[in-house]
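The file final_12.pdb comes next; it holds PDB, C-alpha atoms.
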```
ATOM      1  CA  MET A  26     -18.548 -11.526  15.273
ATOM      2  CA  LYS A  27     -17.061 -13.077  12.129
ATOM      3  CA  ALA A  28     -13.352 -12.516  11.455
ATOM      4  CA  ILE A  29     -10.290 -13.964   9.727
ATOM      5  CA  VAL A  30      -7.860 -14.887  12.500
ATOM      6  CA  LEU A  31      -4.253 -15.679  11.617
ATOM      7  CA  LYS A  32      -3.395 -18.592  13.901
ATOM      8  CA  ARG A  33      -0.379 -20.093  12.144
ATOM      9  CA  ILE A  34       1.960 -19.659   9.201
ATOM     10  CA  GLY A  35       0.565 -21.190   6.040
ATOM     11  CA  GLY A  36      -0.782 -20.810   2.535
ATOM     12  CA  PRO A  37      -3.953 -19.007   1.467
ATOM     13  CA  ALA A  38      -6.039 -22.070   2.365
ATOM     14  CA  SER A  39      -5.058 -21.610   6.016
ATOM     15  CA  LEU A  40      -7.328 -18.550   6.318
ATOM     16  CA  HIS A  41     -10.800 -19.392   7.574
ATOM     17  CA  LEU A  42     -13.789 -17.402   8.776
ATOM     18  CA  THR A  43     -14.291 -17.853  12.516
ATOM     19  CA  GLU A  44     -16.371 -16.480  15.396
ATOM     20  CA  VAL A  45     -14.636 -14.228  17.942
ATOM     21  CA  PRO A  46     -15.949 -11.968  20.726
ATOM     22  CA  GLU A  47     -17.311  -8.626  19.592
ATOM     23  CA  PRO A  48     -14.963  -5.806  20.730
ATOM     24  CA  GLN A  49     -16.136  -2.887  22.884
ATOM     25  CA  ALA A  50     -14.900   0.701  22.717
ATOM     26  CA  GLY A  51     -12.900   1.851  25.724
ATOM     27  CA  THR A  52     -11.862   5.319  26.832
ATOM     28  CA  GLY A  53     -10.750   7.413  23.856
ATOM     29  CA  GLU A  54     -11.776   4.702  21.395
ATOM     30  CA  VAL A  55     -14.423   4.155  18.750
ATOM     31  CA  ARG A  56     -15.873   0.970  17.361
ATOM     32  CA  ILE A  57     -16.426   0.735  13.613
ATOM     33  CA  ARG A  58     -18.848  -1.587  11.871
ATOM     34  CA  LEU A  59     -16.773  -2.412   8.834
ATOM     35  CA  LEU A  60     -18.227  -2.495   5.332
ATOM     36  CA  TYR A  61     -15.084  -3.306   3.335
ATOM     37  CA  ALA A  62     -11.425  -4.046   4.069
ATOM     38  CA  GLY A  63      -8.496  -3.468   1.757
ATOM     39  CA  ILE A  64      -5.905  -6.216   1.252
ATOM     40  CA  ASN A  65      -2.228  -5.278   1.455
ATOM     41  CA  PHE A  66       0.827  -7.300   0.486
ATOM     42  CA  ALA A  67       2.045  -6.918   4.074
ATOM     43  CA  GLU A  68      -0.833  -9.162   5.176
ATOM     44  CA  ILE A  69       0.306 -11.851   2.770
ATOM     45  CA  MET A  70       3.808 -11.556   4.237
ATOM     46  CA  SER A  71       2.279 -11.792   7.723
ATOM     47  CA  ARG A  72       0.517 -15.022   6.765
ATOM     48  CA  LYS A  73       3.894 -16.378   5.679
ATOM     49  CA  GLY A  74       5.520 -15.286   8.938
ATOM     50  CA  ILE A  75       7.951 -12.850   7.296
ATOM     51  CA  TYR A  76       6.512  -9.445   8.229
ATOM     52  CA  SER A  77       8.402  -7.820  11.104
ATOM     53  CA  TRP A  78       5.629  -5.337  12.031
ATOM     54  CA  ALA A  79       3.054  -8.082  12.582
ATOM     55  CA  PRO A  80       1.850  -8.680  16.159
ATOM     56  CA  LYS A  81       2.138 -12.010  17.938
ATOM     57  CA  ARG A  82      -0.279 -14.648  16.635
ATOM     58  CA  PRO A  83      -3.180 -15.284  16.891
ATOM     59  CA  TYR A  84      -4.612 -11.994  15.660
ATOM     60  CA  ILE A  85      -7.127 -10.702  13.134
ATOM     61  CA  LEU A  86      -5.540  -9.738   9.816
ATOM     62  CA  GLY A  87      -6.237  -6.434   8.066
ATOM     63  CA  MET A  88      -4.582  -3.017   8.088
ATOM     64  CA  GLU A  89      -7.304  -0.842   6.565
ATOM     65  CA  GLY A  90     -11.020  -0.635   6.039
ATOM     66  CA  THR A  91     -14.041   1.609   5.821
ATOM     67  CA  GLY A  92     -17.232   1.622   7.825
ATOM     68  CA  ILE A  93     -19.552   3.379  10.265
ATOM     69  CA  ILE A  94     -18.773   4.322  13.866
ATOM     70  CA  ASP A  95     -21.412   2.528  15.936
ATOM     71  CA  GLN A  96     -19.985   2.906  19.451
ATOM     72  CA  VAL A  97     -17.877   5.564  21.195
ATOM     73  CA  GLY A  98     -15.937   5.263  24.434
ATOM     74  CA  GLY A  99     -15.488   7.780  27.215
ATOM     75  CA  GLY A 100     -13.860  11.028  26.185
ATOM     76  CA  VAL A 101     -14.976  10.723  22.556
ATOM     77  CA  ASP A 102     -17.453  13.219  21.113
ATOM     78  CA  PRO A 103     -20.836  11.419  21.019
ATOM     79  CA  SER A 104     -21.638  13.189  17.745
ATOM     80  CA  ARG A 105     -19.184  10.825  16.027
ATOM     81  CA  MET A 106     -21.805   8.079  16.248
ATOM     82  CA  GLY A 107     -22.821   7.199  12.700
ATOM     83  CA  GLU A 108     -19.785   8.871  11.135
ATOM     84  CA  TYR A 109     -18.550   7.318   7.896
ATOM     85  CA  VAL A 110     -14.798   6.725   8.253
ATOM     86  CA  VAL A 111     -11.704   5.013   6.936
ATOM     87  CA  VAL A 112      -9.390   3.331   9.405
ATOM     88  CA  GLY A 113      -5.737   2.361   9.364
ATOM     89  CA  ALA A 114      -4.371  -0.052  11.957
ATOM     90  CA  GLN A 115      -1.673  -2.638  12.554
ATOM     91  CA  TYR A 116      -4.268  -5.425  12.394
ATOM     92  CA  GLY A 117      -7.974  -6.167  12.890
ATOM     93  CA  CYS A 118      -9.800  -5.129   9.690
ATOM     94  CA  TYR A 119     -10.687  -8.585   8.315
ATOM     95  CA  ALA A 120     -13.661  -8.554  10.683
ATOM     96  CA  GLU A 121     -17.162  -7.233  11.168
ATOM     97  CA  TYR A 122     -16.024  -4.761  13.852
ATOM     98  CA  ILE A 123     -12.790  -3.062  14.879
ATOM     99  CA  VAL A 124     -11.967  -0.813  17.842
ATOM    100  CA  VAL A 125      -9.298   1.868  17.422
ATOM    101  CA  PRO A 126      -8.268   5.159  19.065
ATOM    102  CA  GLY A 127     -10.592   7.891  17.857
ATOM    103  CA  GLU A 128      -7.768   9.636  15.981
ATOM    104  CA  GLN A 129      -7.268   6.579  13.757
ATOM    105  CA  ALA A 130     -10.814   6.783  12.417
ATOM    106  CA  LEU A 131     -10.447   9.352   9.654
ATOM    107  CA  THR A 132     -13.151  11.037   7.609
ATOM    108  CA  ALA A 133     -13.953   8.999   4.512
ATOM    109  CA  LEU A 134     -14.027  10.619   1.077
ATOM    110  CA  SER A 135     -17.682  11.287   0.283
ATOM    111  CA  PHE A 136     -17.314  11.113  -3.508
ATOM    112  CA  LEU A 137     -15.862   7.587  -3.376
ATOM    113  CA  GLU A 138     -17.842   4.367  -3.148
ATOM    114  CA  PRO A 139     -17.356   2.362   0.086
ATOM    115  CA  HIS A 140     -15.156  -0.243  -1.636
ATOM    116  CA  GLU A 141     -13.021   2.578  -3.078
ATOM    117  CA  ASN A 142     -12.553   4.121   0.360
ATOM    118  CA  ALA A 143     -11.337   0.732   1.594
ATOM    119  CA  ALA A 144      -8.733   0.813  -1.191
ATOM    120  CA  PHE A 145      -7.547   4.317  -0.388
ATOM    121  CA  LEU A 146      -5.781   4.857   2.910
ATOM    122  CA  VAL A 147      -2.663   2.638   2.958
ATOM    123  CA  ASN A 148      -1.753   2.934  -0.725
ATOM    124  CA  TYR A 149      -2.328   6.658  -1.121
ATOM    125  CA  MET A 150      -0.802   7.605   2.235
ATOM    126  CA  THR A 151       2.280   5.539   1.357
ATOM    127  CA  ALA A 152       2.640   7.047  -2.118
ATOM    128  CA  TRP A 153       1.960  10.567  -0.808
ATOM    129  CA  VAL A 154       4.474  10.329   2.028
ATOM    130  CA  ALA A 155       7.112   8.924  -0.323
ATOM    131  CA  LEU A 156       6.609  11.333  -3.216
ATOM    132  CA  ILE A 157       5.410  14.542  -1.551
ATOM    133  CA  GLU A 158       6.660  14.524   2.040
ATOM    134  CA  ILE A 159      10.039  12.807   1.457
ATOM    135  CA  ALA A 160      11.032  13.132  -2.209
ATOM    136  CA  ARG A 161       9.394  16.598  -2.513
ATOM    137  CA  ILE A 162       8.618  16.064  -6.186
ATOM    138  CA  LYS A 163       8.412  19.175  -8.356
ATOM    139  CA  PRO A 164       6.494  19.860 -11.593
ATOM    140  CA  GLU A 165       8.170  18.486 -14.706
ATOM    141  CA  GLU A 166      10.342  16.051 -12.735
ATOM    142  CA  LYS A 167      10.407  12.523 -14.115
ATOM    143  CA  VAL A 168       8.994  10.018 -11.616
ATOM    144  CA  LEU A 169       9.240   6.248 -12.060
ATOM    145  CA  MET A 170       6.966   3.805 -10.234
ATOM    146  CA  THR A 171       8.077   0.160  -9.996
ATOM    147  CA  ALA A 172       5.176  -2.360  -9.923
ATOM    148  CA  ALA A 173       3.184   0.560 -11.286
ATOM    149  CA  ALA A 174       0.002  -1.471 -11.837
ATOM    150  CA  GLY A 175      -0.226  -2.425  -8.156
ATOM    151  CA  GLY A 176      -1.961  -0.578  -5.347
ATOM    152  CA  ILE A 177       0.883   1.758  -4.381
ATOM    153  CA  GLY A 178       2.070   2.044  -7.976
ATOM    154  CA  THR A 179      -1.292   3.179  -9.365
ATOM    155  CA  ALA A 180      -1.618   5.681  -6.514
ATOM    156  CA  GLY A 181       1.885   6.953  -7.264
ATOM    157  CA  VAL A 182       1.173   7.396 -10.974
ATOM    158  CA  GLN A 183      -1.961   9.409 -10.197
ATOM    159  CA  ILE A 184      -0.324  11.601  -7.547
ATOM    160  CA  ALA A 185       2.765  12.303  -9.660
ATOM    161  CA  THR A 186       0.670  13.090 -12.745
ATOM    162  CA  TYR A 187      -1.650  15.521 -10.962
ATOM    163  CA  ALA A 188       1.342  17.113  -9.230
ATOM    164  CA  GLY A 189       2.562  18.126 -12.680
ATOM    165  CA  CYS A 190       5.324  15.528 -13.023
ATOM    166  CA  ARG A 191       6.149  13.270 -15.948
ATOM    167  CA  ALA A 192       5.147   9.824 -14.670
ATOM    168  CA  PHE A 193       6.619   6.520 -15.866
ATOM    169  CA  GLY A 194       5.950   2.963 -14.740
ATOM    170  CA  LEU A 195       7.217  -0.607 -14.736
ATOM    171  CA  ALA A 196       4.877  -3.590 -15.000
ATOM    172  CA  GLY A 197       5.006  -7.215 -16.102
ATOM    173  CA  SER A 198       2.341  -7.556 -18.808
ATOM    174  CA  GLU A 199       0.866  -5.609 -21.707
ATOM    175  CA  GLU A 200      -2.491  -5.386 -19.946
ATOM    176  CA  LYS A 201      -0.854  -3.805 -16.906
ATOM    177  CA  LEU A 202       1.209  -1.425 -19.050
ATOM    178  CA  LYS A 203      -2.010  -0.252 -20.694
ATOM    179  CA  LEU A 204      -3.563   0.428 -17.287
ATOM    180  CA  VAL A 205      -0.532   2.429 -16.135
ATOM    181  CA  ARG A 206      -0.649   4.616 -19.251
ATOM    182  CA  SER A 207      -4.407   5.147 -18.808
ATOM    183  CA  LEU A 208      -3.772   6.631 -15.349
ATOM    184  CA  GLY A 209      -1.530   9.337 -16.777
ATOM    185  CA  ALA A 210       1.889   7.749 -17.205
ATOM    186  CA  GLU A 211       3.816   9.122 -20.169
ATOM    187  CA  GLU A 212       5.214   5.651 -20.836
ATOM    188  CA  ALA A 213       5.399   2.244 -19.183
ATOM    189  CA  PHE A 214       8.013  -0.496 -19.594
ATOM    190  CA  ASN A 215       7.728  -4.272 -19.328
ATOM    191  CA  TYR A 216      10.351  -5.399 -16.792
ATOM    192  CA  SER A 217       9.870  -9.049 -17.806
ATOM    193  CA  ARG A 218      11.454  -8.314 -21.188
ATOM    194  CA  THR A 219      15.178  -8.282 -21.860
ATOM    195  CA  GLY A 220      16.494  -4.791 -22.517
ATOM    196  CA  TRP A 221      13.861  -2.878 -20.570
ATOM    197  CA  VAL A 222      16.518  -0.940 -18.646
ATOM    198  CA  GLU A 223      18.140   0.338 -21.820
ATOM    199  CA  GLN A 224      14.735   1.187 -23.300
ATOM    200  CA  ALA A 225      13.664   3.051 -20.160
ATOM    201  CA  GLY A 226      16.947   4.953 -20.013
ATOM    202  CA  LYS A 227      16.693   5.958 -23.658
ATOM    203  CA  GLU A 228      13.034   7.051 -23.541
ATOM    204  CA  THR A 229      13.176   8.863 -20.200
ATOM    205  CA  GLY A 230      16.701  10.249 -20.331
ATOM    206  CA  GLY A 231      16.986   9.100 -16.733
ATOM    207  CA  VAL A 232      14.526   9.816 -13.925
ATOM    208  CA  ASP A 233      14.553  12.171 -10.961
ATOM    209  CA  VAL A 234      12.518  10.125  -8.484
ATOM    210  CA  VAL A 235      11.765   6.407  -8.085
ATOM    211  CA  LEU A 236       8.947   4.984  -5.956
ATOM    212  CA  GLU A 237      10.306   1.465  -5.291
ATOM    213  CA  VAL A 238       8.248  -1.458  -4.001
ATOM    214  CA  VAL A 239       9.927  -4.549  -5.462
ATOM    215  CA  GLY A 240      13.582  -4.950  -4.421
ATOM    216  CA  GLY A 241      16.147  -7.251  -6.019
ATOM    217  CA  ASP A 242      17.290  -6.447  -9.549
ATOM    218  CA  ILE A 243      14.406  -4.002 -10.057
ATOM    219  CA  TYR A 244      15.756  -1.873  -7.204
ATOM    220  CA  LYS A 245      19.305  -1.976  -8.551
ATOM    221  CA  ASN A 246      18.296  -1.121 -12.112
ATOM    222  CA  ALA A 247      15.917   1.623 -10.982
ATOM    223  CA  PHE A 248      18.733   3.199  -8.970
ATOM    224  CA  ASN A 249      20.928   3.139 -12.069
ATOM    225  CA  LEU A 250      18.243   5.123 -13.929
ATOM    226  CA  LEU A 251      18.447   7.985 -11.410
ATOM    227  CA  ASN A 252      19.744  11.315 -12.592
ATOM    228  CA  ILE A 253      22.048  13.586 -10.597
ATOM    229  CA  PHE A 254      20.213  14.793  -7.448
ATOM    230  CA  GLY A 255      17.764  11.911  -7.869
ATOM    231  CA  ARG A 256      15.827  10.348  -4.986
ATOM    232  CA  LEU A 257      14.778   6.723  -4.630
ATOM    233  CA  ILE A 258      12.181   5.965  -1.948
ATOM    234  CA  VAL A 259      11.792   2.345  -0.819
ATOM    235  CA  VAL A 260       8.274   1.580   0.435
ATOM    236  CA  GLY A 261       8.126  -2.207   0.068
ATOM    237  CA  TYR A 262       9.777  -5.429  -1.000
ATOM    238  CA  ALA A 263       7.331  -7.417  -3.113
ATOM    239  CA  SER A 264       9.983  -9.884  -4.290
ATOM    240  CA  LEU A 265      10.422 -11.103  -0.700
ATOM    241  CA  ASP A 266       9.264 -14.721  -0.916
ATOM    242  CA  PRO A 267      11.435 -17.255   0.927
ATOM    243  CA  LYS A 268      10.202 -20.851   0.858
ATOM    244  CA  LEU A 269      10.380 -22.640   4.200
ATOM    245  CA  TRP A 270      11.451 -25.850   2.444
ATOM    246  CA  ASN A 271      14.056 -24.221   0.182
ATOM    247  CA  PRO A 272      17.182 -22.735   1.848
ATOM    248  CA  LEU A 273      18.338 -21.425  -1.546
ATOM    249  CA  SER A 274      15.319 -19.105  -1.569
ATOM    250  CA  TRP A 275      16.468 -17.658   1.789
ATOM    251  CA  TRP A 276      19.787 -16.676   0.201
ATOM    252  CA  ARG A 277      18.042 -15.152  -2.813
ATOM    253  CA  THR A 278      15.742 -13.184  -0.536
ATOM    254  CA  TRP A 279      18.623 -11.896   1.589
ATOM    255  CA  ARG A 280      20.599 -10.985  -1.540
ATOM    256  CA  GLY A 281      17.657  -9.031  -2.967
ATOM    257  CA  ILE A 282      17.019  -6.798   0.049
ATOM    258  CA  PRO A 283      17.486  -3.148  -0.998
ATOM    259  CA  ARG A 284      20.830  -1.847   0.285
ATOM    260  CA  VAL A 285      22.453   1.559   0.024
ATOM    261  CA  ASP A 286      25.850   1.832  -1.682
ATOM    262  CA  LEU A 287      27.190   5.104  -0.275
ATOM    263  CA  MET A 288      29.868   5.436  -2.967
ATOM    264  CA  ALA A 289      27.292   4.979  -5.721
ATOM    265  CA  THR A 290      24.958   7.549  -4.146
ATOM    266  CA  ALA A 291      27.873   9.971  -3.706
ATOM    267  CA  MET A 292      28.864   9.630  -7.353
ATOM    268  CA  LYS A 293      25.297  10.543  -8.392
ATOM    269  CA  SER A 294      24.729  13.031  -5.558
ATOM    270  CA  ALA A 295      21.551  11.021  -5.122
ATOM    271  CA  GLY A 296      19.584   9.787  -2.129
ATOM    272  CA  VAL A 297      18.025   6.472  -1.111
ATOM    273  CA  MET A 298      15.325   6.789   1.551
ATOM    274  CA  ALA A 299      12.508   4.679   2.929
ATOM    275  CA  THR A 300       9.174   4.920   4.689
ATOM    276  CA  HIS A 301       6.714   2.641   6.500
ATOM    277  CA  ILE A 302       3.536   4.509   7.364
ATOM    278  CA  GLY A 303       2.653   2.004  10.090
ATOM    279  CA  HIS A 304       5.449   3.454  12.200
ATOM    280  CA  LEU A 305       3.925   6.906  11.767
ATOM    281  CA  LEU A 306       0.761   5.885  13.634
ATOM    282  CA  LYS A 307       2.308   6.842  16.970
ATOM    283  CA  HIS A 308       2.885  10.368  15.624
ATOM    284  CA  ARG A 309      -0.816  11.209  15.539
ATOM    285  CA  GLU A 310      -0.510  14.947  14.885
ATOM    286  CA  ILE A 311       1.747  14.298  11.905
ATOM    287  CA  ILE A 312      -0.585  11.620  10.523
ATOM    288  CA  LEU A 313      -3.582  13.955  10.761
ATOM    289  CA  GLU A 314      -1.706  16.796   9.062
ATOM    290  CA  VAL A 315      -0.492  14.556   6.243
ATOM    291  CA  TYR A 316      -3.934  13.017   5.752
ATOM    292  CA  ALA A 317      -5.511  16.475   5.523
ATOM    293  CA  ARG A 318      -3.087  17.472   2.761
ATOM    294  CA  LEU A 319      -3.607  14.195   0.914
ATOM    295  CA  GLN A 320      -7.392  14.402   1.223
ATOM    296  CA  SER A 321      -7.463  17.963  -0.155
ATOM    297  CA  PHE A 322      -5.357  16.856  -3.134
ATOM    298  CA  ILE A 323      -7.522  13.794  -3.855
ATOM    299  CA  ILE A 324     -10.738  15.824  -3.647
ATOM    300  CA  ALA A 325      -9.349  18.638  -5.822
ATOM    301  CA  HIS A 326      -8.472  16.180  -8.594
ATOM    302  CA  GLN A 327     -11.312  13.693  -7.987
ATOM    303  CA  ILE A 328      -8.847  10.782  -7.979
ATOM    304  CA  ARG A 329     -10.372   7.326  -7.672
ATOM    305  CA  PRO A 330      -8.494   4.175  -6.595
ATOM    306  CA  VAL A 331      -8.209   1.257  -8.996
ATOM    307  CA  VAL A 332     -10.080  -1.751  -7.582
ATOM    308  CA  SER A 333      -9.629  -4.892  -9.660
ATOM    309  CA  ARG A 334     -11.792  -7.304  -7.683
ATOM    310  CA  ILE A 335     -14.022  -7.619  -4.611
ATOM    311  CA  PHE A 336     -14.131 -10.880  -2.617
ATOM    312  CA  PRO A 337     -16.445 -11.761   0.280
ATOM    313  CA  LEU A 338     -14.764 -11.856   3.693
ATOM    314  CA  ALA A 339     -15.060 -15.646   3.823
ATOM    315  CA  GLU A 340     -12.827 -15.866   0.722
ATOM    316  CA  ALA A 341      -9.926 -13.861   2.156
ATOM    317  CA  GLY A 342      -7.545 -16.707   1.373
ATOM    318  CA  GLU A 343      -8.563 -16.767  -2.291
ATOM    319  CA  ALA A 344      -8.261 -12.988  -2.425
ATOM    320  CA  GLN A 345      -4.685 -13.200  -1.171
ATOM    321  CA  ARG A 346      -3.944 -15.985  -3.654
ATOM    322  CA  PHE A 347      -5.286 -13.764  -6.446
ATOM    323  CA  ILE A 348      -2.724 -11.103  -5.479
ATOM    324  CA  GLU A 349       0.146 -13.574  -4.966
ATOM    325  CA  THR A 350      -0.282 -15.011  -8.431
ATOM    326  CA  ARG A 351       0.085 -11.485  -9.867
ATOM    327  CA  ARG A 352      -3.355 -11.475 -11.473
ATOM    328  CA  SER A 353      -4.490  -8.342  -9.673
ATOM    329  CA  THR A 354      -4.121  -4.698 -10.576
ATOM    330  CA  GLY A 355      -4.600  -1.783  -8.220
ATOM    331  CA  LYS A 356      -6.335  -2.952  -5.066
ATOM    332  CA  VAL A 357      -8.250  -6.078  -4.054
ATOM    333  CA  VAL A 358     -10.845  -5.607  -1.300
ATOM    334  CA  LEU A 359     -13.019  -7.737   0.932
ATOM    335  CA  LYS A 360     -16.752  -7.085   1.295
ATOM    336  CA  ILE A 361     -17.796  -7.491   4.917
ATOM    337  CA  SER A 362     -21.322  -6.098   5.125
ATOM    338  CA  ASP A 363     -23.771  -3.805   3.328
TER     339      ASP A 363
END
```

Written form, structure tokens:
Amino acid sequence: MKAIVLKRIGGPASLHLTEVPEPQAGTGEVRIRLLYAGINFAEIMSRKGIYSWAPKRPYILGMEGTGIIDQVGGGVDPSRMGEYVVVGAQYGCYAEYIVVPGEQALTALSFLEPHENAAFLVNYMTAWVALIEIARIKPEEKVLMTAAAGGIGTAGVQIATYAGCRAFGLAGSEEKLKLVRSLGAEEAFNYSRTGWVEQAGKETGGVDVVLEVVGGDIYKNAFNLLNIFGRLIVVGYASLDPKLWNPLSWWRTWRGIPRVDLMATAMKSAGVMATHIGHLLKHREIILEVYARLQSFIIAHQIRPVVSRIFPLAEAGEAQRFIETRRSTGKVVLKISD
């Protein structure tokens, strides 16, 4: 089968389409013929060799996708053959086929297009776990999304808005600010402009919850915007970008890692928490329960993911470059087959 195998650390041009053996479903497993795969920033970090959850190279990139079950192993209900599913995994979705435990192949959302389903699982599960399961947002609370025009950010704006909260966002261009507002945000602020912190503080009056994906100064300033009893949930670190040839960038990266100042949190009676849904995969009952709640919410409000561009599988490197250069909004996906 055709797949994108990460063999070594490198730039986007290091990703090439290659032929690998077609996987077979074992006991308790299903094989999925993939139609689309979603691209996540974690896969870009993996390509750079700076993602701690990545497996040992070589391996097939890709943490999520959508497709059709075309083979079931022993112990799996044969009626699942032909089922339309979404899949979340540590790796393996930049390929024509993937084999996973049956529990990791989850029912796709029937009202979404296949490319939208491929853009759904990681971003919306992450935002849901952060905002609903951990922060326990309540109606009328003010919720701020950093990098609000990205995949997790757009999901967060939609979830917070339909949960009855007052949503706010940060983004780096007027075009992205417009998108964030169109998804339901009450206001959005340009973090590339001087004075955005003061503007955000004045217009929001402080926020109750922050969904944080950037790190560095954005993390520090977002924490300062928290009200008493506020909660900041770290779900990523998009500013992580050390250059192998530049030791100064290593120091900047280390300095920008989100850290908890216990005295500062005590003075606000606030909390800083974090989640990584990949580490929830081993808790299968919890994952299934959370997904059921998320799916019911998405169906009830007919929420659709933002997909800014679709690339063919062979252009996975260019797709990652498109994200790295901050030209994307929402999700970028790879088309694998019809």

Using Å and a single decimal, report how far atom CA of Val168 of chain A sits from atom CA of Phe347 of chain A.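 One can read the atom CA of Phe347 of chain A to atom CA of Val168 of chain A distance as 28.2 Å.
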
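Distance annotation: of A:Leu131, A:Leu257, A:Ala174, A:Ala67, the residue with the minimal separation from Glu237 of chain A is A:Leu257; atom set is all atoms listed in the file.
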
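Here atom CA of Phe193 of chain A and atom CA of Arg206 of chain A stand 8.2 Å from one another.
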
Exercise. List the neighbours of segment 304-309 of chain A out to 12 Å using all atoms listed in the file; skip same-chain residues closer than 4 positions along the sequence, and give me the result as a list in words.
Key: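 After dropping sequence-adjacent residues, the list is Ser77, Trp78, Ala79, Met88, Val112, Gly113, Ala114, Gln115, Val125, Pro126, Gly127, Glu128, Gln129, Ala130, Leu131, Val147, Met150, Thr151, Val154, Ala299, Thr300, Leu313, Glu314, Val315 and Tyr316 of chain A.
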
Keeping only C-alpha atoms, write the selected residues as an mmCIF file, keeping the file's coordinate frame.
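That gives us part17.cif:
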```cif
data_model
loop_
_atom_site.group_PDB
_atom_site.id
_atom_site.type_symbol
_atom_site.label_atom_id
_atom_site.label_comp_id
_atom_site.auth_asym_id
_atom_site.auth_seq_id
_atom_site.Cartn_x
_atom_site.Cartn_y
_atom_site.Cartn_z
ATOM 1 C CA SER A 77 8.402 -7.820 11.104
ATOM 2 C CA TRP A 78 5.629 -5.337 12.031
ATOM 3 C CA ALA A 79 3.054 -8.082 12.582
ATOM 4 C CA MET A 88 -4.582 -3.017 8.088
ATOM 5 C CA VAL A 112 -9.390 3.331 9.405
ATOM 6 C CA GLY A 113 -5.737 2.361 9.364
ATOM 7 C CA ALA A 114 -4.371 -0.052 11.957
ATOM 8 C CA GLN A 115 -1.673 -2.638 12.554
ATOM 9 C CA VAL A 125 -9.298 1.868 17.422
ATOM 10 C CA PRO A 126 -8.268 5.159 19.065
ATOM 11 C CA GLY A 127 -10.592 7.891 17.857
ATOM 12 C CA GLU A 128 -7.768 9.636 15.981
ATOM 13 C CA GLN A 129 -7.268 6.579 13.757
ATOM 14 C CA ALA A 130 -10.814 6.783 12.417
ATOM 15 C CA LEU A 131 -10.447 9.352 9.654
ATOM 16 C CA VAL A 147 -2.663 2.638 2.958
ATOM 17 C CA MET A 150 -0.802 7.605 2.235
ATOM 18 C CA THR A 151 2.280 5.539 1.357
ATOM 19 C CA VAL A 154 4.474 10.329 2.028
ATOM 20 C CA ALA A 299 12.508 4.679 2.929
ATOM 21 C CA THR A 300 9.174 4.920 4.689
ATOM 22 C CA LEU A 313 -3.582 13.955 10.761
ATOM 23 C CA GLU A 314 -1.706 16.796 9.062
ATOM 24 C CA VAL A 315 -0.492 14.556 6.243
ATOM 25 C CA TYR A 316 -3.934 13.017 5.752
#
```

By how many Å are atom CA of Arg256 of chain A and atom CA of Ser198 of chain A apart?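 Computed distance, atom CA of Arg256 of chain A to atom CA of Ser198 of chain A, equals 26.3 Å.
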
Explicit residues for the PyMOL selection byres ((chain A and resi 136-143) around 10) (as a PyMOL selection string): chain A and resi 59-64+89-92+109-113+133-135+144-147+324+327-332+334-335+356-360+363

### Message
What would the selection look like, as a PyMOL selection string, if the PyMOL selection byres ((chain A and resi 164) around 8) were run on the coordinates I just shared?
### Response
chain A and resi 162-163+165-166+188-191

>> Excluding segment 54-56 of chain A and its own-chain neighbours fewer than 3 positions away, which residues fall within 7 Å of it when counting only C-alpha atoms? Please give them as a list in words.
In response: Gln49, Ala50, Gly51, Ile94, Asp95, Gln96, Val97, Gly98, Val101, Tyr122, Ile123, Val124, Val125, Pro126 and Gly127 of chain A

request  = Do a neighbour search on Ala120 of chain A at 6 Å with all atoms listed in the file, toss out local chain neighbours closer than 2 positions, and write the hits as a PyMOL selection string.
outcome  = chain A and resi 27-28+118+122

- Message: Selection in question (the file shown): the PyMOL selection byres ((chain A and resi 235) around 8). Which residues does it include, as a list in words?
- Response: Val168, Leu169, Met170, Thr171, Val232, Asp233, Val234, Leu236, Glu237, Ala247, Phe248, Leu251, Arg256, Leu257 and Ile258 of chain A
